[in-house]
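Dumped upload_12.tsv below, it's TSV, C-alpha atoms and all ligand atoms:
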chain	number	residue	atom	x	y	z
P	93	MET	CA	-43.71	-70.57	-16.90
P	94	THR	CA	-42.55	-71.01	-13.29
P	95	THR	CA	-44.86	-69.95	-10.44
P	96	VAL	CA	-43.81	-68.30	-7.17
P	97	GLN	CA	-44.81	-71.45	-5.26
P	98	ALA	CA	-42.77	-73.68	-7.59
P	99	ARG	CA	-39.68	-71.44	-7.46
P	100	PHE	CA	-39.79	-70.89	-3.67
P	101	PRO	CA	-41.68	-73.84	-2.14
P	102	ASP	CA	-40.17	-73.23	1.34
P	103	ARG	CA	-40.97	-69.51	1.57
P	104	ARG	CA	-44.16	-67.90	2.90
P	105	PRO	CA	-45.79	-65.31	0.53
P	106	GLU	CA	-45.21	-62.44	2.98
P	107	GLU	CA	-41.48	-63.22	3.02
P	108	LEU	CA	-41.44	-62.62	-0.73
P	109	PHE	CA	-43.87	-59.72	-1.11
P	110	VAL	CA	-43.08	-57.60	1.97
P	111	PRO	CA	-39.65	-55.94	2.27
P	112	GLU	CA	-37.66	-56.41	5.46
P	113	VAL	CA	-35.98	-53.35	6.93
P	114	ALA	CA	-32.25	-54.07	6.66
P	115	THR	CA	-29.29	-52.00	7.84
P	116	ILE	CA	-26.27	-50.92	5.84
P	117	THR	CA	-23.24	-51.82	7.95
P	118	ARG	CA	-20.53	-50.63	5.52
P	119	ALA	CA	-20.43	-48.66	2.26
P	120	GLU	CA	-17.55	-47.63	0.01
P	121	ASN	CA	-17.13	-46.30	-3.51
P	122	LEU	CA	-15.38	-48.78	-5.80
P	123	THR	CA	-15.36	-46.47	-8.84
P	124	GLU	CA	-16.95	-43.11	-9.64
P	125	GLN	CA	-20.21	-44.84	-10.52
P	126	ASP	CA	-20.18	-48.02	-8.39
P	127	ARG	CA	-20.75	-48.21	-4.65
P	128	MET	CA	-20.46	-51.36	-2.56
P	129	PHE	CA	-22.74	-52.02	0.41
P	130	GLU	CA	-22.59	-54.56	3.21
P	131	ILE	CA	-26.13	-55.15	4.46
P	132	GLU	CA	-27.48	-56.92	7.52
P	133	LEU	CA	-31.00	-58.35	7.80
P	134	PRO	CA	-32.87	-58.04	11.13
P	135	GLY	CA	-31.21	-60.20	13.80
P	136	GLY	CA	-28.23	-60.83	11.51
P	137	LYS	CA	-30.05	-63.71	9.83
P	138	ASP	CA	-28.61	-65.17	6.64
P	139	LEU	CA	-30.02	-64.12	3.27
P	140	GLY	CA	-29.57	-67.72	2.10
P	141	HIS	CA	-28.90	-66.92	-1.56
P	142	LYS	CA	-27.29	-68.81	-4.45
P	143	PRO	CA	-24.79	-67.13	-6.81
P	144	GLY	CA	-26.78	-65.36	-9.57
P	145	GLN	CA	-29.82	-64.55	-7.42
P	146	PHE	CA	-30.88	-60.96	-6.76
P	147	VAL	CA	-32.76	-58.93	-4.16
P	148	GLU	CA	-35.28	-56.13	-4.65
P	149	VAL	CA	-33.92	-53.07	-2.82
P	150	SER	CA	-36.38	-50.34	-1.85
P	151	ILE	CA	-36.21	-46.85	-0.40
P	152	LEU	CA	-39.41	-45.02	0.51
P	153	GLY	CA	-40.10	-42.31	-2.06
P	154	PHE	CA	-37.41	-43.53	-4.49
P	155	GLY	CA	-38.79	-46.91	-5.62
P	156	GLU	CA	-37.48	-50.44	-5.80
P	157	ALA	CA	-34.83	-52.05	-8.03
P	158	PRO	CA	-33.41	-55.54	-8.60
P	159	ILE	CA	-29.75	-55.79	-7.56
P	160	SER	CA	-27.65	-58.98	-7.72
P	161	VAL	CA	-26.04	-60.30	-4.58
P	162	THR	CA	-22.29	-59.96	-5.12
P	163	SER	CA	-21.03	-61.76	-2.01
P	164	SER	CA	-20.56	-65.50	-1.66
P	165	PRO	CA	-23.26	-67.52	0.16
P	166	ALA	CA	-20.40	-68.58	2.48
P	167	LYS	CA	-20.38	-65.06	3.98
P	168	LYS	CA	-22.60	-65.33	7.02
P	169	GLY	CA	-24.56	-62.66	8.91
P	170	SER	CA	-24.52	-60.09	6.11
P	171	PHE	CA	-24.37	-59.85	2.32
P	172	GLU	CA	-22.97	-57.41	-0.25
P	173	LEU	CA	-24.41	-55.47	-3.18
P	174	CYS	CA	-22.49	-53.45	-5.77
P	175	VAL	CA	-24.71	-50.68	-7.11
P	176	ARG	CA	-24.08	-48.63	-10.27
P	177	ARG	CA	-25.60	-45.14	-10.12
P	178	LEU	CA	-28.20	-44.83	-12.87
P	179	GLY	CA	-31.48	-43.22	-11.78
P	180	ALA	CA	-33.81	-42.57	-8.85
P	181	LEU	CA	-33.22	-45.58	-6.58
P	182	THR	CA	-29.57	-46.25	-7.38
P	183	GLY	CA	-28.81	-42.50	-7.18
P	184	LYS	CA	-30.32	-42.32	-3.70
P	185	MET	CA	-28.41	-45.45	-2.64
P	186	HIS	CA	-25.17	-43.68	-3.52
P	187	THR	CA	-25.94	-41.11	-0.80
P	188	LEU	CA	-26.39	-43.81	1.89
P	189	GLY	CA	-23.80	-45.14	4.32
P	190	ALA	CA	-23.34	-47.21	7.47
P	191	GLY	CA	-26.38	-47.05	9.78
P	192	ASP	CA	-28.90	-46.21	7.02
P	193	ALA	CA	-31.83	-48.51	6.32
P	194	VAL	CA	-33.10	-50.05	3.06
P	195	GLY	CA	-35.95	-52.46	2.29
P	196	ILE	CA	-34.91	-55.90	1.05
P	197	ARG	CA	-37.05	-58.58	-0.62
P	198	GLY	CA	-35.44	-61.83	-1.60
P	199	PRO	CA	-33.33	-63.63	-2.57
P	200	LEU	CA	-35.24	-63.85	-5.86
P	201	GLY	CA	-34.69	-65.56	-9.22
P	202	ASN	CA	-33.17	-68.93	-10.02
P	203	GLY	CA	-29.40	-68.30	-9.74
P	204	PHE	CA	-26.69	-70.48	-11.31
P	205	PRO	CA	-27.15	-74.27	-11.04
P	206	MET	CA	-24.03	-74.92	-8.94
P	207	GLU	CA	-24.46	-78.69	-9.28
P	208	ASP	CA	-23.63	-78.37	-13.00
P	209	PHE	CA	-20.45	-76.38	-12.22
P	210	GLN	CA	-19.20	-79.02	-9.80
P	211	GLY	CA	-16.40	-81.15	-11.25
P	212	ALA	CA	-16.15	-78.95	-14.36
P	213	ASP	CA	-13.64	-76.32	-15.53
P	214	CYS	CA	-15.55	-73.05	-15.18
P	215	LEU	CA	-15.20	-70.34	-17.82
P	216	ILE	CA	-16.68	-67.07	-16.59
P	217	VAL	CA	-17.18	-64.08	-18.88
P	218	ALA	CA	-18.02	-60.69	-17.37
P	219	GLY	CA	-18.75	-57.32	-18.94
P	220	GLY	CA	-18.90	-54.14	-16.83
P	221	ILE	CA	-21.29	-54.32	-13.86
P	222	GLY	CA	-21.94	-57.98	-14.84
P	223	MET	CA	-18.90	-58.68	-12.64
P	224	ALA	CA	-21.14	-58.04	-9.58
P	225	PRO	CA	-23.20	-61.27	-9.73
P	226	LEU	CA	-20.21	-63.20	-11.09
P	227	ARG	CA	-18.11	-62.25	-8.04
P	228	SER	CA	-20.51	-64.39	-6.01
P	229	LEU	CA	-19.94	-67.30	-8.41
P	230	VAL	CA	-16.14	-66.88	-8.55
P	231	THR	CA	-15.75	-66.72	-4.76
P	232	THR	CA	-18.01	-69.76	-4.34
P	233	ILE	CA	-15.88	-71.77	-6.77
P	234	LEU	CA	-12.60	-70.64	-5.20
P	235	ALA	CA	-13.82	-71.27	-1.64
P	236	GLU	CA	-14.33	-74.97	-2.37
P	237	ARG	CA	-11.48	-75.90	-4.70
P	238	GLU	CA	-12.02	-79.64	-4.34
P	239	ARG	CA	-15.56	-79.41	-5.74
P	240	TYR	CA	-14.74	-77.51	-8.93
P	241	GLY	CA	-12.19	-77.62	-11.75
P	242	ARG	CA	-10.29	-74.58	-13.02
P	243	MET	CA	-11.76	-71.08	-12.74
P	244	MET	CA	-11.01	-68.94	-15.80
P	245	LEU	CA	-12.37	-65.38	-15.70
P	246	LEU	CA	-12.48	-63.08	-18.74
P	247	TYR	CA	-13.50	-59.54	-17.78
P	248	GLY	CA	-14.10	-56.62	-20.14
P	249	ASN	CA	-14.61	-52.95	-19.32
P	250	ARG	CA	-14.83	-49.73	-21.26
P	251	THR	CA	-11.95	-47.98	-19.44
P	252	PRO	CA	-9.44	-48.89	-16.68
P	253	SER	CA	-11.34	-46.72	-14.18
P	254	ASP	CA	-14.46	-48.91	-14.62
P	255	ILE	CA	-12.70	-52.08	-13.40
P	256	LEU	CA	-14.33	-53.45	-10.25
P	257	PHE	CA	-12.75	-55.52	-7.43
P	258	ARG	CA	-9.16	-54.83	-8.62
P	259	GLU	CA	-7.39	-56.39	-5.63
P	260	GLU	CA	-9.63	-59.44	-5.67
P	261	LEU	CA	-9.01	-59.98	-9.38
P	262	GLU	CA	-5.29	-60.33	-8.62
P	263	GLU	CA	-6.02	-62.67	-5.73
P	264	TRP	CA	-8.31	-64.87	-7.88
P	265	GLY	CA	-5.66	-65.04	-10.62
P	266	ARG	CA	-3.11	-66.28	-8.07
P	267	ALA	CA	-5.47	-68.88	-6.57
P	268	GLU	CA	-4.89	-72.56	-7.34
P	269	GLY	CA	-6.47	-73.31	-10.73
P	270	GLY	CA	-7.33	-69.64	-11.26
P	271	GLN	CA	-6.75	-67.58	-14.42
P	272	VAL	CA	-7.96	-63.98	-14.69
P	273	LEU	CA	-7.73	-61.98	-17.93
P	274	VAL	CA	-8.85	-58.35	-18.06
P	275	THR	CA	-9.32	-56.12	-21.10
P	276	ILE	CA	-10.48	-52.60	-21.87
P	277	ASP	CA	-12.29	-51.60	-25.07
P	278	THR	CA	-9.92	-48.90	-26.39
P	279	PRO	CA	-6.32	-47.81	-25.55
P	280	ALA	CA	-5.96	-45.66	-22.43
P	281	GLU	CA	-2.99	-43.83	-20.93
P	282	GLY	CA	-1.18	-45.94	-18.34
P	283	TRP	CA	-2.96	-49.19	-19.31
P	284	GLU	CA	-0.53	-51.93	-20.30
P	285	GLY	CA	-2.99	-54.81	-20.38
P	286	ASN	CA	-5.11	-56.24	-23.20
P	287	VAL	CA	-7.04	-53.82	-25.41
P	288	GLY	CA	-10.15	-54.96	-27.30
P	289	VAL	CA	-13.57	-56.36	-26.52
P	290	VAL	CA	-13.89	-59.33	-24.16
P	291	THR	CA	-13.92	-61.90	-27.00
P	292	THR	CA	-10.29	-60.96	-27.80
P	293	LEU	CA	-9.31	-62.72	-24.56
P	294	PHE	CA	-10.53	-66.14	-25.65
P	295	GLU	CA	-7.26	-66.99	-27.47
P	296	GLN	CA	-5.33	-66.52	-24.19
P	297	ILE	CA	-7.28	-69.07	-22.15
P	298	GLU	CA	-5.28	-72.09	-21.02
P	299	LEU	CA	-7.67	-74.88	-21.93
P	300	ASP	CA	-7.60	-78.58	-21.15
P	301	ARG	CA	-9.89	-79.97	-23.84
P	302	SER	CA	-10.09	-83.35	-22.12
P	303	ARG	CA	-12.12	-81.79	-19.29
P	304	ARG	CA	-15.84	-80.97	-19.08
P	305	MET	CA	-16.45	-77.23	-19.32
P	306	VAL	CA	-19.28	-75.03	-18.10
P	307	ALA	CA	-19.62	-71.30	-18.83
P	308	ALA	CA	-21.35	-68.36	-17.14
P	309	VAL	CA	-21.81	-65.00	-18.84
P	310	VAL	CA	-23.11	-61.68	-17.46
P	311	GLY	CA	-22.75	-58.32	-19.18
P	312	PRO	CA	-24.39	-55.98	-21.64
P	313	PRO	CA	-26.73	-57.76	-24.11
P	314	VAL	CA	-24.58	-56.67	-27.09
P	315	MET	CA	-21.82	-58.95	-25.78
P	316	TYR	CA	-23.95	-62.12	-25.63
P	317	ARG	CA	-24.15	-63.06	-29.30
P	318	PHE	CA	-20.37	-62.78	-29.78
P	319	VAL	CA	-19.46	-64.57	-26.55
P	320	TYR	CA	-21.95	-67.31	-27.36
P	321	ALA	CA	-20.21	-67.87	-30.73
P	322	GLU	CA	-16.83	-68.22	-28.97
P	323	LEU	CA	-18.20	-70.64	-26.38
P	324	THR	CA	-19.82	-72.75	-29.08
P	325	ALA	CA	-16.48	-72.83	-30.94
P	326	LEU	CA	-14.96	-74.32	-27.76
P	327	HIS	CA	-17.61	-77.09	-28.03
P	328	ILE	CA	-19.28	-76.19	-24.74
P	329	PRO	CA	-22.80	-77.59	-25.12
P	330	ASP	CA	-25.67	-75.08	-25.14
P	331	ASP	CA	-27.19	-76.49	-21.98
P	332	HIS	CA	-23.93	-75.89	-20.04
P	333	ILE	CA	-23.66	-72.21	-21.03
P	334	TYR	CA	-25.49	-69.89	-18.63
P	335	PHE	CA	-26.41	-66.28	-19.35
P	336	SER	CA	-27.96	-63.89	-16.85
P	337	LEU	CA	-30.43	-61.50	-18.50
P	338	GLU	CA	-31.32	-58.00	-17.37
P	339	ARG	CA	-34.82	-56.66	-17.91
P	340	ARG	CA	-36.83	-53.83	-16.37
P	341	MET	CA	-38.52	-55.44	-13.34
P	342	LYS	CA	-41.21	-54.44	-10.86
P	343	CYS	CA	-42.50	-57.32	-8.72
P	344	GLY	CA	-39.62	-59.79	-9.21
P	345	LEU	CA	-42.15	-62.56	-8.64
P	346	GLY	CA	-43.80	-63.36	-11.98
P	347	LYS	CA	-46.90	-61.25	-11.26
P	348	CYS	CA	-46.68	-57.92	-13.12
P	349	GLY	CA	-45.43	-59.15	-16.51
P	350	ASN	CA	-42.92	-56.30	-16.81
P	351	CYS	CA	-39.95	-58.55	-17.50
P	352	GLN	CA	-41.67	-60.93	-19.91
P	353	ILE	CA	-39.71	-62.20	-22.90
P	354	GLU	CA	-40.97	-64.86	-25.32
P	355	GLY	CA	-43.42	-66.30	-22.78
P	356	LYS	CA	-40.93	-66.40	-19.88
P	357	TYR	CA	-40.60	-64.11	-16.88
P	358	VAL	CA	-36.95	-63.13	-16.51
P	359	CYS	CA	-37.48	-62.49	-12.77
P	360	ILE	CA	-38.70	-65.96	-11.86
P	361	ASP	CA	-37.88	-68.28	-14.78
P	362	GLY	CA	-34.46	-66.58	-14.79
P	363	PRO	CA	-32.51	-64.35	-14.66
P	364	VAL	CA	-30.15	-67.23	-15.55
P	365	PHE	CA	-30.97	-69.01	-18.82
P	366	THR	CA	-29.02	-71.61	-20.81
P	367	GLY	CA	-27.63	-70.98	-24.29
P	368	GLU	CA	-30.35	-73.31	-25.55
P	369	GLU	CA	-33.07	-71.03	-24.10
P	370	LEU	CA	-31.23	-67.91	-25.21
P	371	GLY	CA	-31.34	-69.20	-28.79
P	372	ARG	CA	-35.13	-69.01	-28.60
P	373	PHE	CA	-34.95	-65.41	-27.24
P	374	HIS	CA	-32.45	-64.30	-29.87
P	375	GLU	CA	-34.58	-61.62	-31.49
P	376	SER	CA	-35.47	-60.10	-28.09
P	377	ILE	CA	-31.94	-59.63	-26.80
C	1	LIG	C1	-31.70	-59.39	-12.28
C	1	LIG	C2	-31.05	-58.03	-12.25
C	1	LIG	C3	-29.90	-57.84	-11.52
C	1	LIG	C4	-29.29	-56.58	-11.46
C	1	LIG	N1	-28.16	-56.43	-10.74
C	1	LIG	C5	-27.58	-55.21	-10.63
C	1	LIG	C6	-26.44	-55.03	-9.81
C	1	LIG	O1	-25.90	-55.96	-9.18
C	1	LIG	N2	-25.93	-53.77	-9.71
C	1	LIG	C7	-26.48	-52.71	-10.39
C	1	LIG	O2	-25.97	-51.60	-10.25
C	1	LIG	N3	-27.56	-52.87	-11.17
C	1	LIG	C8	-28.13	-54.08	-11.31
C	1	LIG	N4	-29.25	-54.23	-12.09
C	1	LIG	C9	-29.78	-53.05	-12.80
C	1	LIG	C10	-30.62	-52.22	-11.85
C	1	LIG	O3	-31.77	-52.95	-11.47
C	1	LIG	C11	-31.06	-50.91	-12.51
C	1	LIG	O4	-29.92	-50.12	-12.74
C	1	LIG	C12	-32.01	-50.18	-11.59
C	1	LIG	O5	-33.27	-50.82	-11.65
C	1	LIG	C13	-32.17	-48.73	-11.98
C	1	LIG	O6	-33.10	-48.19	-11.06
C	1	LIG	P1	-33.14	-46.61	-10.76
C	1	LIG	O7	-34.38	-46.36	-9.97
C	1	LIG	O8	-31.86	-46.14	-10.20
C	1	LIG	O9	-33.27	-46.02	-12.23
C	1	LIG	P2	-34.58	-45.42	-12.92
C	1	LIG	O10	-34.81	-44.06	-12.34
C	1	LIG	O11	-35.67	-46.42	-12.89
C	1	LIG	O12	-34.06	-45.32	-14.42
C	1	LIG	C14	-33.04	-44.41	-14.83
C	1	LIG	C15	-32.77	-44.59	-16.31
C	1	LIG	O13	-32.19	-45.88	-16.56
C	1	LIG	C16	-32.99	-46.67	-17.41
C	1	LIG	N5	-32.98	-48.04	-16.86
C	1	LIG	C17	-33.32	-48.41	-15.61
C	1	LIG	N6	-33.17	-49.73	-15.45
C	1	LIG	C18	-32.73	-50.22	-16.60
C	1	LIG	C19	-32.39	-51.51	-17.08
C	1	LIG	N7	-32.50	-52.61	-16.30
C	1	LIG	N8	-31.98	-51.62	-18.35
C	1	LIG	C20	-31.90	-50.55	-19.15
C	1	LIG	N9	-32.19	-49.29	-18.76
C	1	LIG	C21	-32.61	-49.13	-17.52
C	1	LIG	C22	-34.37	-46.03	-17.36
C	1	LIG	O14	-35.09	-46.25	-18.55
C	1	LIG	C23	-34.03	-44.56	-17.17
C	1	LIG	O15	-33.69	-43.98	-18.40
C	1	LIG	C24	-29.86	-55.48	-12.17
C	1	LIG	C25	-31.02	-55.68	-12.92
C	1	LIG	C26	-31.62	-56.93	-12.97
C	1	LIG	C27	-32.86	-57.13	-13.78
C	2	LIG	S1	-40.87	-58.30	-12.64
C	2	LIG	FE1	-42.99	-58.69	-12.46
C	2	LIG	S2	-43.26	-60.45	-13.67
C	2	LIG	FE2	-41.11	-60.18	-13.63
Take the structure I supplied and represent it as structure tokens, if you would.
Ligand SMILES: Cc1cc2nc3c(=O)[nH]c(=O)nc-3n(C[C@H](O)[C@H](O)[C@H](O)COP(=O)(O)OP(=O)(O)OC[C@H]3O[C@@H](n4cnc5c(N)ncnc54)[C@H](O)[C@@H]3O)c2cc1C
Ligand code: FES
Amino acid sequence: MTTVQARFPDRRPEELFVPEVATITRAENLTEQDRMFEIELPGGKDLGHKPGQFVEVSILGFGEAPISVTSSPAKKGSFELCVRRLGALTGKMHTLGAGDAVGIRGPLGNGFPMEDFQGADCLIVAGGIGMAPLRSLVTTILAERERYGRMMLLYGNRTPSDILFREELEEWGRAEGGQVLVTIDTPAEGWEGNVGVVTTLFEQIELDRSRRMVAAVVGPPVMYRFVYAELTALHIPDDHIYFSLERRMKCGLGKCGNCQIEGKYVCIDGPVFTGEELGRFHESI
């Protein structure tokens, strides 16, 4: 089990346990249920996150919740969160706009090991709001084309109106070495794209089997078992397949035990785990 000191050797305890008062500089609705926020820390200092890390967002009287950072680490001076309205904290966040304040602790968690993605073709599989953390990964890969191989994104949603980052998806698909495939679960009026769950997109990927491949997956737990089977069929080794897990969290720092799963704390040992580790969690997912 990882400790706070081992995960964040360069950070003082108060930086991790005490929220900083940050300011929302921009907010816009992306869909009926998802709102995007640009947030600035005091003095415009960088959050200094890795793709796949999250922050704990707090509002006095409404609680605290883990939310993934959706912007690329290359964005300086502010960062972005995409928040789906669910309950107390996320519901309150949907009423906030530019100039409002929120508490921020983080970045927390391990994030994706970018060194493993370097030099490899990257297969990224997103389901629903799972696109939020993966946007940070995709934009990191596309910002430094020379470091990474191809970027293939498979993205599944329930309905067309749930699709996030529509314009960016088109941009990423047009980028050098980029391929973006989007699907919705069931037929919908006006939708001419792929229909079926995200695994139905695998047969459309343009693969170069001579190249090393690495995969990242974020979405609803029900998706993981099926996506894992597809990735294994592509001969991507277990230790190069990364899944981000979602669990109810409180402290985000391996102290409260709320997020524990098979002897690991999802908040600090994860939220990103390899396929190898996921195999051991299988009954808990
Ligand atoms: C590492 C991590 C990253 C996340 N990233 C994002 C993100 O980028 N964007 C985003 O919108 N959300 C994200 N989430 C989910 C987000 O943390 C929850 O939606 C949030 O905690 C809900 O808080 P609330 O106070 O609004 O809801 P509450 O009032 O606490 O709960 C409302 C209802 O939702 C249920 N619920 C709350 N949280 C969860 C959960 N995690 N799983 C299942 N049911 C739940 C409760 O049981 C209750 O029924 C992330 C979660 C984790 C663990
Ligand atoms: S949220 Fe407290 S131990 Fe993980």
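Residues with any atom within 8 Å of Ala157 in chain P, counting only C-alpha atoms and excluding same-chain neighbours fewer than 3 positions away, are Glu148, Val149, Ser150, Leu181, Thr182, Met341 and Lys342 of chain P.
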Take the residues that were just selected and, keeping C-alpha atoms, output them as an mmCIF file, in the frame of the given file.
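Heads up, here's the output in result.cif:
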data_model
loop_
_atom_site.group_PDB
_atom_site.id
_atom_site.type_symbol
_atom_site.label_atom_id
_atom_site.label_comp_id
_atom_site.auth_asym_id
_atom_site.auth_seq_id
_atom_site.Cartn_x
_atom_site.Cartn_y
_atom_site.Cartn_z
ATOM 1 C CA GLU P 148 -35.280 -56.130 -4.650
ATOM 2 C CA VAL P 149 -33.920 -53.070 -2.820
ATOM 3 C CA SER P 150 -36.380 -50.340 -1.850
ATOM 4 C CA LEU P 181 -33.220 -45.580 -6.580
ATOM 5 C CA THR P 182 -29.570 -46.250 -7.380
ATOM 6 C CA MET P 341 -38.520 -55.440 -13.340
ATOM 7 C CA LYS P 342 -41.210 -54.440 -10.860
#
Show me which residues line ligand LIG 2 (chain C), defined as having an atom within 6 Å of a ligand atom where only C-alpha atoms and all ligand atoms count, and present them as a JSON list (two decimals) with C-alpha atoms, keeping the file's coordinate frame.
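part19.json, freshly written:
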[["chain", "number", "residue", "atom", "x", "y", "z"],
["P", 341, "MET", "CA", -38.52, -55.44, -13.34],
["P", 342, "LYS", "CA", -41.21, -54.44, -10.86],
["P", 343, "CYS", "CA", -42.50, -57.32, -8.72],
["P", 344, "GLY", "CA", -39.62, -59.79, -9.21],
["P", 345, "LEU", "CA", -42.15, -62.56, -8.64],
["P", 346, "GLY", "CA", -43.80, -63.36, -11.98],
["P", 347, "LYS", "CA", -46.90, -61.25, -11.26],
["P", 348, "CYS", "CA", -46.68, -57.92, -13.12],
["P", 349, "GLY", "CA", -45.43, -59.15, -16.51],
["P", 350, "ASN", "CA", -42.92, -56.30, -16.81],
["P", 351, "CYS", "CA", -39.95, -58.55, -17.50],
["P", 357, "TYR", "CA", -40.60, -64.11, -16.88],
["P", 358, "VAL", "CA", -36.95, -63.13, -16.51],
["P", 359, "CYS", "CA", -37.48, -62.49, -12.77]]
* Structure fact -> Judged by only C-alpha atoms, the minimum distance to Thr117 in chain P among P:Glu298, P:Glu172, P:Glu369, P:Asp361 is found for P:Glu172
* Structure fact -> Using all atoms listed in the file, the residue out of P:Thr115, P:Thr324, P:Gln210, P:Thr291 with shortest distance to Arg237 in chain P is P:Gln210
* Asked: Which residues come within 10 Å of Ile151 in chain P, counting all atoms listed in the file, excluding same-chain residues fewer than 2 positions away, as number ranges by chain?
  -> P: 113, 149, 153-157, 180-182, 184-185, 193-196
Report as JSON the centre and the edge lengths, in Å to one decimal, of the axis-aligned box holding every listed atom of ligand LIG 1 (chain C), padded by 3 Å on each side.
{"center_x": -30.8, "center_y": -51.7, "center_z": -14.2, "size_x": 15.8, "size_y": 21.4, "size_z": 16.0}
* To do: Report as an MDAnalysis selection string which protein, DNA and RNA residues come within 8 Å of ligand LIG 1 (chain C), using all atoms listed in the file.
  => chainID P and resid 126 145:147 154:162 173:184 201 221:222 224:225 336:341 358:359 363
* Between CA of Gly191 in chain P and CA of Arg118 in chain P, measure the distance and give it in Å to one decimal. =>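 Going from CA of Gly191 in chain P over to CA of Arg118 in chain P covers 8.1 Å.
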* Choose the residue, out of P:Gln271, P:Ser163, P:Gln125, P:Thr187, that has the smallest atom-to-atom separation from Met244 in chain P; count all atoms listed in the file. => P:Gln271
* Record the distance separating CA of Asp277 in chain P and CA of Pro252 in chain P, expressed in Å with one decimal. =>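 Between these atoms lies a distance of 9.3 Å.
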